[in-house]
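Each remark here refers to the structure printed beneath this line.
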Amino acid sequence: TQLLEQSPQFLSIQEGENLTVYCNSSSVFSSLQWYRQEPGEGPVLLVTVVTGGEVKKLKRLTFQFGDARKDSSLHITAAQPGDTGLYLCAGLITGGGADGLTFGKGTHLIIQP
Amino acid sequence: GAVVSQHPSWVICKSGTSVKIECRSLDFQATTMFWYRQFPKQSLMLMATSNEGSKATYEQGVEKDKFLINHASLTLSTLTVTSAHPEDSSFYICSALLAGADTQYFGPGTRLTVL
């Protein structure tokens, strides 16, 4: 059973369109991270959300943490070809940081020019 | 800051041999490091948690005698894949936990191919 359900798994859209990626769980997370991974490279941290209901913006990317800290979303406005990549959500269940992250399956995003 | 390196970047070995992968935190000390494995088109799966000066904690289904982890210093953890087989071929990624925070910084990964 996947602890973190991420959807969609694959998404291909045209440049300029908007999109949302969802990360859902039945478990409560003390914090949730979003990463972007390029082929053959390690994940790069985009944002960490900690507080229920928290919204963070990173240029055209908007991240939201659900009120109950069980779900999160990533919204990209006016997608660009440079946004192409694998987006991963990952959560920490316990309050301590010394635990491994639980990753979602990832969303393979392709932005076509 | 918070840079993590891995060596080697890629390795090809024969079945039955052992391979050692290093994970280093370059500009910070990490009492805890993590080892993940990623198969093609899949997400990262946690293999084990490596704590400096103590035994590693392995996730269910990960053989501790096959994947030997040593965290001898605050900046270095090693993963040795012993008696590697083709099914061990994967992308191995480490991360280091920044002390005082709950953010993990990931290395660039090591591509292991076992022939």
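Letters A, B, ... go to the chains of the structure tokens in the order shown; residues in each chain start at 1; ligands are counted from 1 in the same order.
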Using only C-alpha atoms, select each residue of chain B with any atom at most 8 Å away from an atom of chain A, and give the selection as a compact mmCIF listing (two decimals) with C-alpha atoms, in the first residue's frame.
# COMPACT_ATOMS: atom_id res chain seq x y z
CA THR B 32 22.13 11.01 10.14
CA PHE B 34 19.82 7.99 4.50
CA GLN B 42 9.78 4.68 -10.09
CA SER B 43 10.06 6.81 -6.99
CA LEU B 44 12.67 6.68 -4.26
CA MET B 45 12.41 3.92 -1.69
CA LEU B 46 14.14 4.25 1.65
CA ALA B 48 18.22 2.35 5.53
CA THR B 49 19.01 5.07 8.00
CA ILE B 93 20.77 8.03 -3.75
CA LEU B 97 20.13 15.46 7.47
CA ALA B 101 16.53 20.88 10.97
CA ASP B 102 14.32 18.26 9.37
CA THR B 103 15.49 18.91 5.85
CA TYR B 105 19.79 17.23 1.23
CA PHE B 106 20.26 14.71 -1.51
CA GLY B 107 23.34 13.58 -3.33
CA PRO B 108 23.44 13.32 -7.12
CA GLY B 109 23.01 9.56 -7.07
CA ARG B 111 23.99 4.45 -11.14
What lies within 12 Å of Leu112 in chain B using only C-alpha atoms, ignoring chain neighbours under 6 positions off, as number ranges by chain? A: 40; B: 7-15, 18-21, 37-40, 79-81, 84-93
12 Å contact set for Ser25 in chain A, only C-alpha atoms, chain neighbours under 5 positions out, as a ChimeraX atom specification: /A:1-7,32,65-66,68-73,89-93,102-104
DSSP strand (DSSP E) residues within chain B, as a PyMOL selection string: chain B and resi 4-7+10-13+19-25+32-38+44-51+57-58+67-73+76-81+90-97+104-106+110-114
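In terms of minimum interatomic distance to Phe67 in chain B, B:Trp35 ranks closest within B:Trp35, B:Ala96, B:Asn51, B:Leu26, counting only C-alpha atoms.
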Excluding same-chain residues fewer than 3 positions from Asp27 in chain B, what lies within 10 Å of it counting only C-alpha atoms, as a count of residues only? 7
Give me the residues within 9 Å of range 11-19 of chain A as JSON, numbers by chain, counting only C-alpha atoms and dropping any in the same chain fewer than 5 places off. {"A": [74, 75, 76, 77, 78, 79, 80, 81, 107, 108, 109, 110, 111, 112, 113]}
